[in-house]
Amino acid sequence: MSTLDPSESEDKLNFVNTQENATPSESAEILEGQNSSLISNNTADGSSPESMRANVNEAEDDSDSRNENSKRKGSKGKPSSALIQAKLNAKKRMKGTASSPDTGPVIIKDHLQPARDAKDWIRKETGIIYDIRMLEHQSLWDPGHPECPARFSSIIKRCIELDLLERCVSIPPRFATISEVLSLHTLEHIEKLREITEIEDVVKLEDIASEYDAVYFHPSTYELALLACGSTIDLIRNIVEGKIHNGMAIIRPPGHHAMKEEYCGYCYFNNVAIAAKQILATNSSIKKILIVDFDVHHGQATQQMFYDDSRVLYFSTHRYEHGMYWPNLEESNYNWVGADAGIGFNCNIPLNSIGLGNADFLSVWQKILIPMAYQFNPDLVIVSAGYDAALGCPEGMMRVTPQCYPHLLWPLMGLANGKVAVILEGGYCLKSLAEGAALTLRSLLGDPCPLIQPIMNPSSFIVDTIMNATTALKDYWSFGAIRTATGAEYDESVLTGEGHKLSYRFDWTEPKPLKYPTRSAFVLNEKEVFLALDKELDQLNLTTSLSVAKHRVGLLYDDVMLMHRNTTVVHPESPERISNIFACHASFGLVERCHRIASRKATHEELRLVHAEEHILKMRNSERLGRKDLGNLEDRYNSIFLNNHSYESALYAAGSLLNVVESVLTGECQSGVAIVRPPGHHAEEDEACGFCLFNNVALAAKYGIENHDLKRILIVDWDVHHGNGIQHMFDSDPRVLYISLHRYDYGSFFPSKKDANFDYVGNGAGEGFTVNIPWNKKGMGDTEYLTAFTNVIMPIAYEYAPELVLVSAGFDAAQGDPLGGCKISPEGYGHMTHLLTSMANGKVILALEGGYNLTAISYSMSLCTKALLGDPLPKLCLRDVADESALESIRDVLRTHSAYWTLLKPFQKILPSEFPIQQGKYSIIPTKENEIVELMEKLKVGPELVDVNANPELTIPDPPISAGEPSLSIPTIPPTVNIQRNQRRQVQIEDDMSIGGGELAIGAVNIEETTEEEVIAAGGEEPLEGAVGGSNTQQEFSIQVFVEDDNNMFAVYPLNWCPHLSSVNSVPTTGIDITTPCNDCHSTQENWICLICYVVKCSRYIREHMLMHCVETGHSMALSFSDLSIWCFPCESYVDNQALQEAKAAAYMNKFGDSYTPSNNAN
């Protein structure tokens, strides 16, 4: 690679200033001009050139091409208008001209703090609560009643058969107190139930039961209803207090139909609603609760209890048939969305047909529930788990397979830091009930979701309901890439078939009966139907593999891959990428929790699976070439560097990933993480490209096809650059579904290929199996990526039903990557990983591709590994609406791929902008506070008189609590910095908030001296230092704090490298005089000095002369006389780098008359 002629530096700078997508080669050339001085300075201090080069840690990935069409010379970088406005507002407040009141201290947070907090969040055990006394509750006059004791015993029996109970922590059951029940029900309601159950005359009991809709009474009903309620409360309390990770309550009688003053639908006390109210009232950490009710009957009572309460988002999917199905209430329809403060927080999905199955329920989840749940961002998830929509249940007459219930639960387990409680409600086919409930508990324990058949062709009835509900709720929640129209435009779309015709029906007209039937009022399957369904269930259960690998996650890392490095220039694809990731894994304790997989080289025959012989030989020959010949070989490729160890490192990267694939496919590990380099997804069949020598992931897919006879492999490529190599190798092969999310920028972003756009779908037999989701601007983050997952990736993945998922895990879309320009958080990557693990029986493998901010990639990949281990994930902080450019790209993808995927096509219709149907509303009378006191005085008998340990001979022995239960550090409030709103000054953040110090510093690892053992050793109890940070001293990092329009504070972190550092010139011999006035207006209030020409101009707050100077000249860097910070205009960011220390030192001496000590963060 040739060096950059100094005479060309200005032209080159002009190009890079206008193009974020400069090629890696060009970026490296720009860096080269500064490297000689940096390296010589560092070497003078005793450090090696290699160590100095390793400090460049925020360069571009395998990025950005030589696209001549995009070289718009003369175009100047624009400053961030948002940042300018924020700083201007701050300046006004300094002068006392801002109208916003001073409301005292504010809190700012490091955007990486959630990842740091998650370091010690380790999955705890799953809780289980049940009591065999619940077998006593039964109908005395109808032994065939569906709400029978066998419901309970069949679940317990199946859980024992699968060895699930012994893996759980047993929570002692208890009776609810009267005051707890009074939080929802009235005094009369509680006392009447006690009095009824004291009646010994069975005939009279049945007569009383006829006064209520679908209930019976037994002498044990009162006590067992209290026991079910108290057990629900205690299970949930153990979860929210961090004693267990999640849990399940196998209880009866159920509860979600029990209204404030009425027994209903086999329910007496509303277990879930009472528990939710108790937790909201007594636990200050729980402010928002998501209740998901997938019982086939609408939980109308739970809805009533929280209809005006924005703290609870109630979601119910239930059989409705336009009101003709029980409970025959208009309030079960989709237009009942909440009232007053709770408007928008009630979601009904009425099912207007029988026979709906997996495709229909999963479509509801992907289109409505998951987007709403992530936006709601709950602190707790409670599932009212009725299994009467399961295949074989005569009451529901639906076709949800028992194996599908884990898939309904799995995405919910990524919410609320994993705080999920499953509470049994209905379910009346004993075989599907037992299997569905047991598989639900199995998922709570972290076992992978079982494989289900490809999901396709959702019913037209569910499509209609989803579109109706979306219309009703779209003013309160964002549902991604929906299309809307108003007035005549919408009417025209309906006529042409492009628009969805909104429908509303409520057909039930029967009056309330004076007496309800008490016998044989329930549906039974005919014998032939029963036998056919029973056989189908047996076949499903027999053919569903419930095997679990010996190890949950396999981890691959080897020091040998550190040997591949650029020996001529500082290069972003540095060895520290993998050593820092591995060190972060060690610091998080992940290395010891994962199974270490041995590395190996790929064989020549294996490489031939995807690469041409000539290409392999060229790479092999690089081992023997001298520096000049290596340079000539590099010049033949787009963005490639080589040394004599590159071929060996590439062999290990490719071969080691094959070992991970082998480990997962043979059942040794359930999932895998491969920390490998060089990356691979740009490498073509016959040439290296974009830092990639061999295509690791493509080879892994081909290996799975050839060696394990896989028929369906999903590759998800979330690297910020399109994986051109993978796409080209499989674009005609339907055995590989390739989905890529990447920056495209209308073809100007590397690799700048037209076939990276949404309209390229593959060739021949592979048509439709290439899915490109192109971003046409920078700035996409968690909101946009999650929208793509719910709208595109997960529906297509479920229809494809892969046997293996490979992730081309580039982390250059992470926030903090100065050239990737996107904003995914580490937890964002974790949540994407969690969603994917519902596929392929959990066989998910992540292989490192790009990513060049060492801190960002280290945290991001570590949180992906934690997701695979089932650890709690930090919550996402999503914007209300995804970026419109991203939504437009997603719409393009949906429109294009609707021709190939049945889960996409039905949902592309236009919706009305206005919701013309009246929203449902009823009056809710809260329980009077004095009723609790009143009841305690009046009630004669209460749970205090009932011994929870009575009849011990009837009690099933509870599984013992494991003595080795891991402790979980409950997340604490992150470190904060208090700033008065009327101040603008630099602040220092403590170690654990600093980028560049504390737990995980940005810096270099001396690859000549650091061994794998030393990296692991760095992951102990002490803060991680040298292994990742390259320093054994604590580091601090200065930030600038500004005030936004909404009076919130935000912190701006300096980059420790940017591509414009080479343009900085030496300080003039006359030095820097901070009293120099602005060259244009002569102001001395707040000035900056250009670090290219050293002219002094005033700031944005005066007359913006420095800003105009940089725009007109293309000069990129300026130093503030006020706080000595340095701003890069093209990067729109502060920068703190060793190359800037001379200017800072000169200004510091002039300002303070003392020598300047550079921060450790500066490279």
# chains A, B, ... in the order shown; residues from 1 in each chain; ligands from 1

$ residues_around --residues "segment 812-826 of chain A" --least-positions-apart "6" --cutoff "9 Å" --atoms "only C-alpha atoms" --output "PDB file with N, CA, C and O atoms, in the first residue's frame"
ATOM      1  N   GLU A  20     -18.784  10.017   4.249  1.00  0.00           N
ATOM      2  CA  GLU A  20     -18.617   9.107   5.377  1.00  0.00           C
ATOM      3  C   GLU A  20     -18.175   7.739   4.902  1.00  0.00           C
ATOM      4  O   GLU A  20     -17.637   6.952   5.648  1.00  0.00           O
ATOM      5  N   ASN A  21     -18.425   7.450   3.613  1.00  0.00           N
ATOM      6  CA  ASN A  21     -18.121   6.114   3.126  1.00  0.00           C
ATOM      7  C   ASN A  21     -16.818   6.088   2.342  1.00  0.00           C
ATOM      8  O   ASN A  21     -16.724   5.473   1.288  1.00  0.00           O
ATOM      9  N   ALA A  22     -15.783   6.726   2.862  1.00  0.00           N
ATOM     10  CA  ALA A  22     -14.448   6.541   2.299  1.00  0.00           C
ATOM     11  C   ALA A  22     -14.047   5.090   2.467  1.00  0.00           C
ATOM     12  O   ALA A  22     -14.399   4.455   3.445  1.00  0.00           O
ATOM     13  N   GLU A  58     -11.468   3.343  16.435  1.00  0.00           N
ATOM     14  CA  GLU A  58     -12.812   3.688  16.017  1.00  0.00           C
ATOM     15  C   GLU A  58     -12.867   3.926  14.514  1.00  0.00           C
ATOM     16  O   GLU A  58     -13.618   4.748  14.035  1.00  0.00           O
ATOM     17  N   ALA A  59     -12.033   3.223  13.760  1.00  0.00           N
ATOM     18  CA  ALA A  59     -12.054   3.361  12.317  1.00  0.00           C
ATOM     19  C   ALA A  59     -13.153   2.511  11.727  1.00  0.00           C
ATOM     20  O   ALA A  59     -13.804   1.763  12.411  1.00  0.00           O
ATOM     21  N   GLU A  60     -13.319   2.615  10.433  1.00  0.00           N
ATOM     22  CA  GLU A  60     -14.405   1.929   9.756  1.00  0.00           C
ATOM     23  C   GLU A  60     -14.154   0.450   9.649  1.00  0.00           C
ATOM     24  O   GLU A  60     -13.050  -0.015   9.723  1.00  0.00           O
ATOM     25  N   ASP A  61     -15.245  -0.269   9.503  1.00  0.00           N
ATOM     26  CA  ASP A  61     -15.271  -1.719   9.326  1.00  0.00           C
ATOM     27  C   ASP A  61     -14.635  -2.068   8.002  1.00  0.00           C
ATOM     28  O   ASP A  61     -13.811  -1.353   7.481  1.00  0.00           O
ATOM     29  N   SER A  63     -15.310  -1.284   5.486  1.00  0.00           N
ATOM     30  CA  SER A  63     -16.295  -0.400   4.915  1.00  0.00           C
ATOM     31  C   SER A  63     -15.846   0.200   3.622  1.00  0.00           C
ATOM     32  O   SER A  63     -14.828  -0.084   3.075  1.00  0.00           O
ATOM     33  N   HIS A 111     -24.317   6.289  27.708  1.00  0.00           N
ATOM     34  CA  HIS A 111     -25.154   5.372  26.935  1.00  0.00           C
ATOM     35  C   HIS A 111     -24.665   3.926  27.030  1.00  0.00           C
ATOM     36  O   HIS A 111     -25.395   2.995  26.694  1.00  0.00           O
ATOM     37  N   LEU A 112     -23.435   3.715  27.500  1.00  0.00           N
ATOM     38  CA  LEU A 112     -22.925   2.360  27.706  1.00  0.00           C
ATOM     39  C   LEU A 112     -23.193   1.843  29.118  1.00  0.00           C
ATOM     40  O   LEU A 112     -22.878   0.696  29.424  1.00  0.00           O
ATOM     41  N   PRO A 114     -25.949   0.980  30.715  1.00  0.00           N
ATOM     42  CA  PRO A 114     -26.761  -0.236  30.844  1.00  0.00           C
ATOM     43  C   PRO A 114     -25.960  -1.511  30.609  1.00  0.00           C
ATOM     44  O   PRO A 114     -26.176  -2.516  31.307  1.00  0.00           O
ATOM     45  N   ALA A 115     -25.030  -1.468  29.660  1.00  0.00           N
ATOM     46  CA  ALA A 115     -24.201  -2.653  29.412  1.00  0.00           C
ATOM     47  C   ALA A 115     -23.279  -2.914  30.597  1.00  0.00           C
ATOM     48  O   ALA A 115     -23.054  -4.072  30.983  1.00  0.00           O
ATOM     49  N   TRP A 718     -26.036  -8.504  10.263  1.00  0.00           N
ATOM     50  CA  TRP A 718     -26.350  -7.157  10.760  1.00  0.00           C
ATOM     51  C   TRP A 718     -25.114  -6.242  10.769  1.00  0.00           C
ATOM     52  O   TRP A 718     -25.145  -5.159  11.369  1.00  0.00           O
ATOM     53  N   ASP A 719     -24.036  -6.660  10.139  1.00  0.00           N
ATOM     54  CA  ASP A 719     -22.922  -5.750   9.914  1.00  0.00           C
ATOM     55  C   ASP A 719     -23.452  -4.527   9.165  1.00  0.00           C
ATOM     56  O   ASP A 719     -24.386  -4.628   8.365  1.00  0.00           O
ATOM     57  N   VAL A 720     -22.863  -3.366   9.411  1.00  0.00           N
ATOM     58  CA  VAL A 720     -23.375  -2.144   8.791  1.00  0.00           C
ATOM     59  C   VAL A 720     -23.164  -2.135   7.284  1.00  0.00           C
ATOM     60  O   VAL A 720     -23.770  -1.342   6.569  1.00  0.00           O
ATOM     61  N   HIS A 721     -22.319  -3.035   6.780  1.00  0.00           N
ATOM     62  CA  HIS A 721     -22.072  -3.141   5.339  1.00  0.00           C
ATOM     63  C   HIS A 721     -22.707  -4.401   4.778  1.00  0.00           C
ATOM     64  O   HIS A 721     -22.753  -5.428   5.445  1.00  0.00           O
ATOM     65  N   HIS A 742     -28.271  -3.236   6.364  1.00  0.00           N
ATOM     66  CA  HIS A 742     -27.022  -2.524   6.110  1.00  0.00           C
ATOM     67  C   HIS A 742     -27.280  -1.105   5.626  1.00  0.00           C
ATOM     68  O   HIS A 742     -28.355  -0.793   5.102  1.00  0.00           O
ATOM     69  N   ARG A 743     -26.296  -0.261   5.802  1.00  0.00           N
ATOM     70  CA  ARG A 743     -26.345   1.060   5.182  1.00  0.00           C
ATOM     71  C   ARG A 743     -26.108   0.905   3.686  1.00  0.00           C
ATOM     72  O   ARG A 743     -25.228   0.180   3.247  1.00  0.00           O
ATOM     73  N   LYS A 777     -29.615   6.294   4.942  1.00  0.00           N
ATOM     74  CA  LYS A 777     -29.003   7.399   5.665  1.00  0.00           C
ATOM     75  C   LYS A 777     -28.395   6.834   6.939  1.00  0.00           C
ATOM     76  O   LYS A 777     -28.671   5.704   7.340  1.00  0.00           O
ATOM     77  N   LYS A 778     -27.592   7.627   7.584  1.00  0.00           N
ATOM     78  CA  LYS A 778     -26.989   7.202   8.841  1.00  0.00           C
ATOM     79  C   LYS A 778     -27.981   7.380   9.989  1.00  0.00           C
ATOM     80  O   LYS A 778     -29.077   7.901   9.815  1.00  0.00           O
ATOM     81  N   GLY A 779     -27.564   6.946  11.174  1.00  0.00           N
ATOM     82  CA  GLY A 779     -28.325   7.235  12.383  1.00  0.00           C
ATOM     83  C   GLY A 779     -29.324   6.181  12.801  1.00  0.00           C
ATOM     84  O   GLY A 779     -30.031   6.358  13.790  1.00  0.00           O
ATOM     85  N   MET A 780     -29.400   5.068  12.078  1.00  0.00           N
ATOM     86  CA  MET A 780     -30.369   4.043  12.465  1.00  0.00           C
ATOM     87  C   MET A 780     -29.908   3.343  13.747  1.00  0.00           C
ATOM     88  O   MET A 780     -28.735   3.012  13.893  1.00  0.00           O
ATOM     89  N   GLY A 781     -30.870   3.104  14.626  1.00  0.00           N
ATOM     90  CA  GLY A 781     -30.519   2.521  15.922  1.00  0.00           C
ATOM     91  C   GLY A 781     -31.469   1.419  16.333  1.00  0.00           C
ATOM     92  O   GLY A 781     -32.093   0.757  15.503  1.00  0.00           O
ATOM     93  N   ASP A 782     -31.616   1.242  17.641  1.00  0.00           N
ATOM     94  CA  ASP A 782     -32.421   0.140  18.173  1.00  0.00           C
ATOM     95  C   ASP A 782     -33.848   0.169  17.638  1.00  0.00           C
ATOM     96  O   ASP A 782     -34.430  -0.874  17.323  1.00  0.00           O
ATOM     97  N   THR A 783     -34.435   1.359  17.555  1.00  0.00           N
ATOM     98  CA  THR A 783     -35.828   1.468  17.104  1.00  0.00           C
ATOM     99  C   THR A 783     -35.994   0.939  15.695  1.00  0.00           C
ATOM    100  O   THR A 783     -36.916   0.162  15.402  1.00  0.00           O
ATOM    101  N   TYR A 785     -33.914  -1.051  13.934  1.00  0.00           N
ATOM    102  CA  TYR A 785     -33.561  -2.466  13.790  1.00  0.00           C
ATOM    103  C   TYR A 785     -34.652  -3.362  14.375  1.00  0.00           C
ATOM    104  O   TYR A 785     -34.984  -4.403  13.810  1.00  0.00           O
ATOM    105  N   GLU A 849     -17.845 -10.262  12.491  1.00  0.00           N
ATOM    106  CA  GLU A 849     -17.454  -9.662  11.205  1.00  0.00           C
ATOM    107  C   GLU A 849     -16.757  -8.341  11.505  1.00  0.00           C
ATOM    108  O   GLU A 849     -15.650  -8.336  12.000  1.00  0.00           O
ATOM    109  N   GLY A 850     -17.417  -7.219  11.248  1.00  0.00           N
ATOM    110  CA  GLY A 850     -16.774  -5.929  11.451  1.00  0.00           C
ATOM    111  C   GLY A 850     -17.069  -5.318  12.811  1.00  0.00           C
ATOM    112  O   GLY A 850     -17.618  -5.948  13.697  1.00  0.00           O
ATOM    113  N   GLY A 851     -16.712  -4.028  12.949  1.00  0.00           N
ATOM    114  CA  GLY A 851     -16.897  -3.315  14.202  1.00  0.00           C
ATOM    115  C   GLY A 851     -15.573  -2.819  14.725  1.00  0.00           C
ATOM    116  O   GLY A 851     -14.690  -3.625  15.006  1.00  0.00           O
ATOM    117  N   TYR A 852     -15.416  -1.491  14.890  1.00  0.00           N
ATOM    118  CA  TYR A 852     -14.075  -0.950  15.104  1.00  0.00           C
ATOM    119  C   TYR A 852     -13.965   0.050  16.239  1.00  0.00           C
ATOM    120  O   TYR A 852     -12.917   0.624  16.430  1.00  0.00           O
ATOM    121  N   ASN A 853     -15.019   0.264  16.972  1.00  0.00           N
ATOM    122  CA  ASN A 853     -14.911   0.956  18.254  1.00  0.00           C
ATOM    123  C   ASN A 853     -14.720  -0.139  19.298  1.00  0.00           C
ATOM    124  O   ASN A 853     -15.631  -0.918  19.569  1.00  0.00           O
ATOM    125  N   THR A 855     -14.538  -0.387  22.467  1.00  0.00           N
ATOM    126  CA  THR A 855     -15.458  -0.458  23.596  1.00  0.00           C
ATOM    127  C   THR A 855     -16.823  -0.964  23.151  1.00  0.00           C
ATOM    128  O   THR A 855     -17.408  -1.857  23.764  1.00  0.00           O
ATOM    129  N   ALA A 856     -17.329  -0.404  22.061  1.00  0.00           N
ATOM    130  CA  ALA A 856     -18.660  -0.774  21.589  1.00  0.00           C
ATOM    131  C   ALA A 856     -18.726  -2.251  21.207  1.00  0.00           C
ATOM    132  O   ALA A 856     -19.669  -2.957  21.580  1.00  0.00           O
ATOM    133  N   ILE A 857     -17.720  -2.729  20.468  1.00  0.00           N
ATOM    134  CA  ILE A 857     -17.791  -4.128  20.040  1.00  0.00           C
ATOM    135  C   ILE A 857     -17.614  -5.074  21.220  1.00  0.00           C
ATOM    136  O   ILE A 857     -18.216  -6.144  21.264  1.00  0.00           O
ATOM    137  N   SER A 858     -16.820  -4.676  22.203  1.00  0.00           N
ATOM    138  CA  SER A 858     -16.597  -5.546  23.354  1.00  0.00           C
ATOM    139  C   SER A 858     -17.870  -5.727  24.167  1.00  0.00           C
ATOM    140  O   SER A 858     -18.245  -6.844  24.534  1.00  0.00           O
ATOM    141  N   TYR A 859     -18.545  -4.619  24.464  1.00  0.00           N
ATOM    142  CA  TYR A 859     -19.793  -4.719  25.198  1.00  0.00           C
ATOM    143  C   TYR A 859     -20.879  -5.390  24.366  1.00  0.00           C
ATOM    144  O   TYR A 859     -21.666  -6.203  24.876  1.00  0.00           O
ATOM    145  N   SER A 860     -20.938  -5.043  23.083  1.00  0.00           N
ATOM    146  CA  SER A 860     -22.023  -5.545  22.240  1.00  0.00           C
ATOM    147  C   SER A 860     -21.959  -7.059  22.099  1.00  0.00           C
ATOM    148  O   SER A 860     -22.968  -7.754  22.288  1.00  0.00           O
ATOM    149  N   MET A 861     -20.792  -7.593  21.782  1.00  0.00           N
ATOM    150  CA  MET A 861     -20.713  -9.041  21.619  1.00  0.00           C
ATOM    151  C   MET A 861     -20.872  -9.751  22.960  1.00  0.00           C
ATOM    152  O   MET A 861     -21.434 -10.854  23.023  1.00  0.00           O
ATOM    153  N   SER A 862     -20.433  -9.124  24.033  1.00  0.00           N
ATOM    154  CA  SER A 862     -20.616  -9.728  25.356  1.00  0.00           C
ATOM    155  C   SER A 862     -22.096  -9.837  25.707  1.00  0.00           C
ATOM    156  O   SER A 862     -22.545 -10.844  26.276  1.00  0.00           O
ATOM    157  N   LEU A 863     -22.888  -8.818  25.356  1.00  0.00           N
ATOM    158  CA  LEU A 863     -24.312  -8.893  25.655  1.00  0.00           C
ATOM    159  C   LEU A 863     -25.015  -9.898  24.758  1.00  0.00           C
ATOM    160  O   LEU A 863     -26.025 -10.491  25.159  1.00  0.00           O
ATOM    161  N   CYS A 864     -24.495 -10.104  23.559  1.00  0.00           N
ATOM    162  CA  CYS A 864     -25.036 -11.179  22.718  1.00  0.00           C
ATOM    163  C   CYS A 864     -24.801 -12.540  23.376  1.00  0.00           C
ATOM    164  O   CYS A 864     -25.689 -13.397  23.398  1.00  0.00           O
ATOM    165  N   LEU A 876     -34.498  -1.721  26.436  1.00  0.00           N
ATOM    166  CA  LEU A 876     -34.195  -0.829  25.325  1.00  0.00           C
ATOM    167  C   LEU A 876     -34.873   0.514  25.552  1.00  0.00           C
ATOM    168  O   LEU A 876     -35.977   0.579  26.088  1.00  0.00           O
ATOM    169  N   TYR A1053     -19.532  12.707  24.084  1.00  0.00           N
ATOM    170  CA  TYR A1053     -18.264  12.057  24.337  1.00  0.00           C
ATOM    171  C   TYR A1053     -17.311  12.292  23.175  1.00  0.00           C
ATOM    172  O   TYR A1053     -17.649  12.019  22.032  1.00  0.00           O
ATOM    173  N   LEU A1055     -14.558  11.618  20.421  1.00  0.00           N
ATOM    174  CA  LEU A1055     -13.950  10.472  19.765  1.00  0.00           C
ATOM    175  C   LEU A1055     -12.470  10.466  20.110  1.00  0.00           C
ATOM    176  O   LEU A1055     -11.850  11.515  20.240  1.00  0.00           O
ATOM    177  N   TRP A1057     -10.429   8.998  18.054  1.00  0.00           N
ATOM    178  CA  TRP A1057      -9.816   8.999  16.731  1.00  0.00           C
ATOM    179  C   TRP A1057     -10.865   9.447  15.728  1.00  0.00           C
ATOM    180  O   TRP A1057     -12.054   9.197  15.895  1.00  0.00           O
ATOM    181  N   CYS A1058     -10.431  10.166  14.712  1.00  0.00           N
ATOM    182  CA  CYS A1058     -11.311  10.462  13.588  1.00  0.00           C
ATOM    183  C   CYS A1058     -10.439  10.574  12.339  1.00  0.00           C
ATOM    184  O   CYS A1058      -9.220  10.758  12.431  1.00  0.00           O
ATOM    185  N   PRO A1059     -11.019  10.446  11.155  1.00  0.00           N
ATOM    186  CA  PRO A1059     -10.208  10.400   9.934  1.00  0.00           C
ATOM    187  C   PRO A1059      -9.607  11.744   9.526  1.00  0.00           C
ATOM    188  O   PRO A1059      -8.891  11.808   8.528  1.00  0.00           O
ATOM    189  N   CYS A1131     -17.072  15.297  11.350  1.00  0.00           N
ATOM    190  CA  CYS A1131     -17.530  14.190  12.204  1.00  0.00           C
ATOM    191  C   CYS A1131     -18.627  14.622  13.166  1.00  0.00           C
ATOM    192  O   CYS A1131     -19.239  13.784  13.834  1.00  0.00           O
ATOM    193  N   SER A1133     -18.364  16.040  16.068  1.00  0.00           N
ATOM    194  CA  SER A1133     -18.045  15.477  17.374  1.00  0.00           C
ATOM    195  C   SER A1133     -16.788  16.119  17.928  1.00  0.00           C
ATOM    196  O   SER A1133     -15.931  16.609  17.174  1.00  0.00           O
TER     197      SER A1133
END

$ residues_around --residues "Asn638 of chain A" --least-positions-apart "2" --cutoff "7 Å" --atoms "only C-alpha atoms" --output "ChimeraX atom specification"
/A:640,689-690

$ select_by_dssp --residues "segment 692-761 of chain A" --states "helix (DSSP H, G or I)" --output "list in words"
Asn696, Val697, Ala698, Leu699, Ala700, Ala701, Lys702, Tyr703, Gly704, Ile705, Glu706, Asn707, His708, Asn724, Gly725, Ile726, Gln727, His728, Met729, Phe730, Asp745, Tyr746, Gly747, Lys754, Asp755 and Ala756 of chain A

$ write_last_selection --atoms "C-alpha atoms" --output "JSON list (two decimals), in the first residue's frame"
[["chain", "number", "residue", "atom", "x", "y", "z"],
["A", 696, "ASN", "CA", -16.17, -17.65, 7.11],
["A", 697, "VAL", "CA", -19.96, -17.65, 7.43],
["A", 698, "ALA", "CA", -20.60, -18.74, 3.86],
["A", 699, "LEU", "CA", -18.20, -21.63, 4.39],
["A", 700, "ALA", "CA", -19.97, -22.53, 7.65],
["A", 701, "ALA", "CA", -23.32, -22.65, 5.84],
["A", 702, "LYS", "CA", -21.95, -24.78, 3.02],
["A", 703, "TYR", "CA", -20.33, -27.07, 5.59],
["A", 704, "GLY", "CA", -23.69, -27.57, 7.30],
["A", 705, "ILE", "CA", -25.32, -28.40, 3.98],
["A", 706, "GLU", "CA", -22.63, -30.81, 2.80],
["A", 707, "ASN", "CA", -21.64, -32.48, 6.08],
["A", 708, "HIS", "CA", -24.94, -32.44, 8.00],
["A", 724, "ASN", "CA", -21.81, -9.09, -0.89],
["A", 725, "GLY", "CA", -19.75, -12.27, -0.75],
["A", 726, "ILE", "CA", -22.33, -14.31, 1.15],
["A", 727, "GLN", "CA", -25.14, -13.10, -1.06],
["A", 728, "HIS", "CA", -23.34, -13.98, -4.28],
["A", 729, "MET", "CA", -22.41, -17.46, -3.06],
["A", 730, "PHE", "CA", -26.03, -18.42, -2.28],
["A", 745, "ASP", "CA", -27.13, 5.31, 1.03],
["A", 746, "TYR", "CA", -28.62, 4.85, -2.43],
["A", 747, "GLY", "CA", -25.65, 2.77, -3.52],
["A", 754, "LYS", "CA", -26.69, -2.28, -6.90],
["A", 755, "ASP", "CA", -27.63, -5.77, -5.80],
["A", 756, "ALA", "CA", -27.51, -4.66, -2.16]]

$ residues_around --residues "segment 488-490 of chain A" --least-positions-apart "3" --cutoff "7 Å" --atoms "only C-alpha atoms" --output "NGL selection string"
:A and (485 or 493-494 or 499 or 912)

$ write_last_selection --atoms "C-alpha atoms" --output "JSON list (two decimals), in the first residue's frame"
[["chain", "number", "residue", "atom", "x", "y", "z"],
["A", 485, "ALA", "CA", -54.58, 7.37, 3.73],
["A", 493, "SER", "CA", -57.88, 2.32, -2.10],
["A", 494, "VAL", "CA", -60.66, 0.15, -0.68],
["A", 499, "GLY", "CA", -57.02, -0.60, 1.16],
["A", 912, "PRO", "CA", -57.61, 4.72, 7.27]]

$ residues_around --residues "Glu1086 of chain A" --least-positions-apart "6" --cutoff "8 Å" --atoms "only C-alpha atoms" --output "list in words"
Cys1098, Ser1099, Tyr1101, Ile1102, Ser1120, Phe1121 and Ser1122 of chain A

$ residues_around --residues "segment 124-139 of chain A" --least-positions-apart "4" --cutoff "8 Å" --atoms "only C-alpha atoms" --output "PyMOL selection string"
chain A and resi 143+145+147-150+152-153+165+167-173+216-221+224+231+235+243-253+444-445+954-956+965-968

$ atom_distance --atom1 "atom CA of Gln670 of chain A" --atom2 "atom CA of Gly842 of chain A"
6.2 Å

$ residues_around --residues "Ile233 of chain A" --least-positions-apart "3" --cutoff "10 Å" --atoms "only C-alpha atoms" --output "VMD selection string"
chain A and resid 173 to 176 180 227 to 230 236 to 238 249 271 to 279

$ atom_distance --atom1 "atom CA of Ala549 of chain A" --atom2 "atom CA of Asp163 of chain A"
15.5 Å

$ select_by_dssp --residues "segment 129-248 of chain A" --states "strand (DSSP E)" --output "number ranges by chain"
A: 129, 169-170, 246-248

$ residues_around --residues "Glu914 of chain A" --least-positions-apart "5" --cutoff "9 Å" --atoms "only C-alpha atoms" --output "ChimeraX atom specification"
/A:471-472,484-487

$ atom_distance --atom1 "atom CA of Leu1124 of chain A" --atom2 "atom CA of Cys1110 of chain A"
17.8 Å

$ closest_residue --among "A:Met372, A:Val529, A:Ile715, A:Ala481" --to "Pro394 of chain A" --atoms "only C-alpha atoms"
A:Val529
